[in-house]
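S.K.: Structure file structure_13.cif, mmCIF, C-alpha atoms and all ligand atoms, is pasted below:
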data_entry
#
loop_
_atom_site.label_atom_id
_atom_site.label_comp_id
_atom_site.auth_asym_id
_atom_site.auth_seq_id
_atom_site.Cartn_x
_atom_site.Cartn_y
_atom_site.Cartn_z
CA MET D 269 -14.75 17.62 34.06
CA ILE D 270 -15.45 13.90 33.72
CA ALA D 271 -17.55 12.41 30.91
CA GLU D 272 -19.53 9.40 32.10
CA ASP D 273 -19.49 7.69 28.72
CA CYS D 274 -15.75 8.18 28.20
CA LEU D 275 -13.55 5.10 28.56
CA PHE D 276 -10.53 7.06 29.74
CA CYS D 277 -12.58 9.08 32.25
CA ARG D 278 -13.74 5.74 33.64
CA ILE D 279 -10.10 4.62 33.94
CA LEU D 280 -9.38 7.90 35.74
CA SER D 281 -12.24 7.32 38.18
CA GLY D 282 -11.16 3.72 38.80
CA ASP D 283 -14.30 2.19 37.24
CA ILE D 284 -12.18 0.38 34.65
CA PRO D 285 -8.84 -1.15 35.64
CA ALA D 286 -5.60 -0.15 33.95
CA GLU D 287 -1.91 -0.52 34.69
CA ILE D 288 -1.26 3.05 35.79
CA ILE D 289 2.45 3.89 35.81
CA HIS D 290 2.44 7.66 36.35
CA GLU D 291 0.20 10.19 38.07
CA SER D 292 0.38 13.94 38.53
CA ASP D 293 -2.08 16.73 39.32
CA THR D 294 -2.90 17.13 35.63
CA ALA D 295 -2.19 13.79 33.94
CA ILE D 296 -2.00 10.03 34.33
CA ALA D 297 -0.31 7.37 32.20
CA PHE D 298 -1.15 3.71 31.78
CA ARG D 299 -0.11 0.84 29.50
CA ASP D 300 -2.03 0.42 26.26
CA ILE D 301 -4.23 -2.70 26.28
CA ASN D 302 -3.16 -3.53 22.70
CA PRO D 303 0.52 -2.57 22.60
CA GLN D 304 2.07 -1.73 19.25
CA ALA D 305 5.64 -1.76 20.60
CA PRO D 306 7.44 -3.27 23.63
CA THR D 307 6.64 -0.03 25.45
CA HIS D 308 3.27 1.51 24.58
CA VAL D 309 1.94 3.93 27.16
CA LEU D 310 -1.00 6.32 26.95
CA ILE D 311 -0.64 9.68 28.70
CA ILE D 312 -3.92 11.51 29.27
CA PRO D 313 -5.05 14.73 30.94
CA ARG D 314 -7.26 14.33 34.00
CA ARG D 315 -9.66 16.83 32.47
CA HIS D 316 -11.86 15.49 29.69
CA ILE D 317 -10.80 17.07 26.39
CA ALA D 318 -12.08 15.10 23.39
CA THR D 319 -9.61 15.98 20.64
CA ILE D 320 -6.85 18.42 19.73
CA ASN D 321 -9.58 20.43 17.99
CA ASP D 322 -11.15 21.08 21.41
CA LEU D 323 -8.04 22.68 22.93
CA GLU D 324 -8.38 26.29 24.00
CA PRO D 325 -6.04 29.09 25.00
CA GLY D 326 -5.05 28.33 28.58
CA ASP D 327 -4.60 24.62 27.96
CA GLU D 328 -0.86 25.01 27.38
CA PRO D 329 0.10 23.75 30.88
CA VAL D 330 -2.00 20.62 30.42
CA ILE D 331 -0.40 19.81 27.07
CA GLY D 332 3.03 20.59 28.45
CA SER D 333 2.45 18.21 31.34
CA LEU D 334 1.72 15.37 28.92
CA TYR D 335 5.09 15.86 27.20
CA LEU D 336 6.97 16.19 30.49
CA ALA D 337 5.34 12.93 31.61
CA ALA D 338 6.43 11.33 28.30
CA LYS D 339 10.01 12.43 28.90
CA GLN D 340 10.00 11.03 32.43
CA ILE D 341 8.38 7.72 31.47
CA ALA D 342 10.72 7.27 28.50
CA ALA D 343 13.68 7.65 30.84
CA GLU D 344 12.16 5.22 33.36
CA GLU D 345 11.52 2.68 30.58
CA GLY D 346 15.11 3.00 29.32
CA LEU D 347 14.09 4.54 26.00
CA ALA D 348 15.68 7.99 26.22
CA GLU D 349 18.93 7.17 24.48
CA ASP D 350 17.76 4.82 21.71
CA GLY D 351 14.71 6.94 20.96
CA TYR D 352 10.97 6.76 21.14
CA ARG D 353 7.92 8.32 19.55
CA VAL D 354 5.08 10.38 20.99
CA VAL D 355 2.03 10.79 18.80
CA MET D 356 -1.49 12.12 19.22
CA ASN D 357 -4.17 11.14 16.71
CA CYS D 358 -6.92 13.64 15.98
CA ASN D 359 -10.28 12.32 14.79
CA GLU D 360 -11.15 9.08 13.04
CA GLY D 361 -9.31 9.82 9.81
CA ALA D 362 -6.06 9.86 11.76
CA GLY D 363 -6.90 6.76 13.78
CA GLN D 364 -8.38 8.27 16.94
CA SER D 365 -10.74 5.74 18.51
CA VAL D 366 -11.03 7.05 22.09
CA PHE D 367 -12.24 10.64 22.27
CA HIS D 368 -10.30 11.74 25.34
CA LEU D 369 -7.02 13.42 24.44
CA HIS D 370 -4.03 11.07 24.77
CA LEU D 371 -0.40 10.91 23.80
CA HIS D 372 0.90 7.53 22.68
CA LEU D 373 4.44 6.85 23.88
CA LEU D 374 5.99 4.07 21.81
CA GLY D 375 9.45 2.57 22.04
CA GLY D 376 11.58 -0.50 22.44
CA ARG D 377 11.71 -1.35 18.74
CA ARG D 378 12.71 0.34 15.48
CA LEU D 379 9.99 2.82 14.48
CA ASP D 380 9.76 3.55 10.79
CA TRP D 381 8.77 6.83 9.19
CA PRO D 382 6.38 7.82 7.71
CA PRO D 383 3.77 5.98 9.80
CA GLY D 384 0.95 4.19 7.98
P1 LIG Z 1 -6.42 6.07 19.50
O1 LIG Z 1 -6.74 5.02 18.47
O2 LIG Z 1 -5.31 7.00 19.12
O3 LIG Z 1 -7.66 6.77 19.98
O4 LIG Z 1 -5.85 5.26 20.75
C1 LIG Z 1 -6.67 4.62 21.67
C2 LIG Z 1 -5.83 3.58 22.34
O5 LIG Z 1 -6.50 3.15 23.51
C3 LIG Z 1 -5.59 2.32 21.50
O6 LIG Z 1 -4.18 2.16 21.29
C4 LIG Z 1 -6.19 1.21 22.33
O7 LIG Z 1 -5.45 0.02 22.26
C5 LIG Z 1 -6.18 1.80 23.72
N1 LIG Z 1 -7.16 1.26 24.65
C6 LIG Z 1 -8.46 1.03 24.40
N2 LIG Z 1 -9.07 0.56 25.52
C7 LIG Z 1 -8.11 0.52 26.48
C8 LIG Z 1 -8.11 0.12 27.85
N3 LIG Z 1 -9.21 -0.33 28.48
N4 LIG Z 1 -6.93 0.18 28.53
C9 LIG Z 1 -5.81 0.62 27.92
N5 LIG Z 1 -5.76 1.01 26.64
C10 LIG Z 1 -6.89 0.96 25.92
#
Could you render the structure from this file as structure tokens?
Ligand code: AMP

M.R.:
Amino acid sequence: MIAEDCLFCRILSGDIPAEIIHESDTAIAFRDINPQAPTHVLIIPRRHIATINDLEPGDEPVIGSLYLAAKQIAAEEGLAEDGYRVVMNCNEGAGQSVFHLHLHLLGGRRLDWPPG
């Protein structure tokens, strides 16, 4: 399912350009337009799912594919050994601004904990 008013669905359809670095049957990944670290990649499912709250039983393979993509991209970006972070914000209170599920993959600098 594609949502016409969804920014990331429009990236998926090619309406809006992005630097896509990974594609599979279930997910794509592209560089964040406002990077918060030397590597900042967004990994999204092809299917429009707005938030974690909208996940349903049966979505496990989709979510798994996002993490497997993160692992592969982290290795390709040379982050696997030093470390990296994957994070998914849910709803505005946690900083979600685009309502199409996405994992942030961040690395290439020291990442403090807890996040702000
Ligand atoms: P979140 O705040 O967790 O919803 O993350 C949304 C992310 O999408 C932010 O880090 C934005 O910088 C990023 N973003 C917004 N528009 C674009 C775009 N056109 N291309 C790539 N990344 C984008």

S.K.: Would you mind listing what lies within 8 Å of D:Leu374 as a ChimeraX atom specification, with all atoms listed in the file counted and same-chain residues fewer than 6 positions away left out?

M.R.: /D:304-309,352-354

S.K.: Compute the distance from (-11.5, 10.2, 18.2) to each atom, counting all atoms listed in the file, keep the residues with any atom at most 8 Å away, and return them as a list in words; use the coordinates of the file.

M.R.: Ala318, Thr319, Asn357, Cys358, Asn359, Glu360, Gly363, Gln364, Ser365, Val366, Phe367 and His368 of chain D

S.K.: What is the atom O6 of ligand LIG 1 (chain Z) to atom CA of D:Leu371 distance in Å?

M.R.: 9.9 Å

S.K.: Using all atoms listed in the file, which of the listed residues (D:Ile320, D:Ala348, D:Val355, D:Ile270) sits closest to ligand LIG 1 (chain Z)?

M.R.: D:Val355

S.K.: Using all atoms listed in the file, which residue out of D:Gly361, D:Pro325, D:Gly332, D:Pro313 lies closest to ligand LIG 1 (chain Z)?

M.R.: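 Answer, going by the shortest atom-to-atom distance: D:Gly361.
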
S.K.: Nearest to ligand LIG 1 (chain Z): which of D:Leu336, D:Leu373, D:Ile284, D:Leu323 is it, counting all atoms listed in the file?

M.R.: D:Ile284

S.K.: To one decimal place in Å, what is the distance between atom CA of D:Gln340 and atom CA of D:Asn321?

M.R.: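 Atom CA of D:Asn321 lies at a distance of 26.1 Å from atom CA of D:Gln340.
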
S.K.: Which residue gives the smallest distance to ligand LIG 1 (chain Z) among D:Gly384, D:Gly346, D:Pro303, D:Gly282, with all atoms listed in the file counted?

M.R.: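 Between D:Gly384, D:Gly346, D:Pro303, D:Gly282, the residue approaching ligand LIG 1 (chain Z) most closely is D:Pro303.
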
S.K.: In Å, rounded to a single decimal, give me how far atom CA of D:Ala342 is from atom CA of D:Gly326.

M.R.: 26.3 Å

S.K.: Could you work out an axis-aligned box for ligand LIG 1 (chain Z), taking every atom the file lists and adding 8 Å on each side, and report centre and edge lengths in Å to one decimal, as lines of an AutoDock Vina configuration file?

M.R.:
center_x = -6.7
center_y = 3.3
center_z = 23.5
size_x = 21.0
size_y = 23.3
size_z = 26.1

S.K.: Calculated over all atoms listed in the file, which of the candidates D:Arg378, D:Arg314, D:His370, D:His290 has the smallest distance to ligand LIG 1 (chain Z)?

M.R.: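 Of D:Arg378, D:Arg314, D:His370, D:His290, the one nearest ligand LIG 1 (chain Z) is D:His370, counting all atoms listed in the file.
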
S.K.: I need the residue nearest ligand LIG 1 (chain Z) from this list: D:Ile296, D:Ile301, D:Leu379, D:Ile289. Use all atoms listed in the file for the distance.

M.R.: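 For ligand LIG 1 (chain Z), the nearest of the candidates is D:Ile301.
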
S.K.: Kindly reconstruct stretch 276-297 of chain D with N, CA and C atoms and present the result as a compact mmCIF listing (two decimals), in the frame of the given file.

M.R.:
# COMPACT_ATOMS: atom_id res chain seq x y z
N PHE D 276 -11.70 6.61 28.98
CA PHE D 276 -10.53 7.06 29.74
C PHE D 276 -10.93 7.81 31.01
N CYS D 277 -12.07 8.50 30.99
CA CYS D 277 -12.58 9.08 32.25
C CYS D 277 -12.91 7.97 33.24
N ARG D 278 -13.39 6.86 32.75
CA ARG D 278 -13.74 5.74 33.64
C ARG D 278 -12.48 5.07 34.19
N ILE D 279 -11.38 5.07 33.41
CA ILE D 279 -10.10 4.62 33.94
C ILE D 279 -9.63 5.59 35.03
N LEU D 280 -9.78 6.89 34.76
CA LEU D 280 -9.38 7.90 35.74
C LEU D 280 -10.15 7.75 37.05
N SER D 281 -11.42 7.42 36.97
CA SER D 281 -12.24 7.32 38.18
C SER D 281 -12.07 5.97 38.87
N GLY D 282 -11.37 5.03 38.20
CA GLY D 282 -11.16 3.72 38.80
C GLY D 282 -12.23 2.71 38.45
N ASP D 283 -13.22 3.10 37.66
CA ASP D 283 -14.30 2.19 37.24
C ASP D 283 -13.77 1.06 36.38
N ILE D 284 -12.77 1.37 35.55
CA ILE D 284 -12.18 0.38 34.65
C ILE D 284 -10.71 0.26 35.01
N PRO D 285 -10.22 -0.99 35.21
CA PRO D 285 -8.84 -1.15 35.64
C PRO D 285 -7.85 -0.85 34.52
N ALA D 286 -6.69 -0.37 34.89
CA ALA D 286 -5.60 -0.15 33.95
C ALA D 286 -4.30 -0.20 34.74
N GLU D 287 -3.22 -0.48 34.02
CA GLU D 287 -1.91 -0.52 34.69
C GLU D 287 -1.34 0.90 34.68
N ILE D 288 -1.68 1.64 35.70
CA ILE D 288 -1.26 3.05 35.79
C ILE D 288 0.19 3.11 36.26
N ILE D 289 1.02 3.83 35.49
CA ILE D 289 2.45 3.89 35.81
C ILE D 289 2.92 5.30 36.16
N HIS D 290 2.03 6.28 36.08
CA HIS D 290 2.44 7.66 36.35
C HIS D 290 1.19 8.46 36.69
N GLU D 291 1.31 9.31 37.71
CA GLU D 291 0.20 10.19 38.07
C GLU D 291 0.74 11.55 38.48
N SER D 292 0.06 12.60 38.05
CA SER D 292 0.38 13.94 38.53
C SER D 292 -0.94 14.67 38.73
N ASP D 293 -0.85 15.94 39.10
CA ASP D 293 -2.08 16.73 39.32
C ASP D 293 -2.90 16.85 38.04
N THR D 294 -2.21 16.84 36.89
CA THR D 294 -2.90 17.13 35.63
C THR D 294 -3.04 15.93 34.70
N ALA D 295 -2.23 14.88 34.92
CA ALA D 295 -2.19 13.79 33.94
C ALA D 295 -1.98 12.44 34.63
N ILE D 296 -2.39 11.39 33.92
CA ILE D 296 -2.00 10.03 34.33
C ILE D 296 -1.52 9.29 33.09
N ALA D 297 -0.77 8.21 33.31
CA ALA D 297 -0.31 7.37 32.20
C ALA D 297 -0.52 5.91 32.56
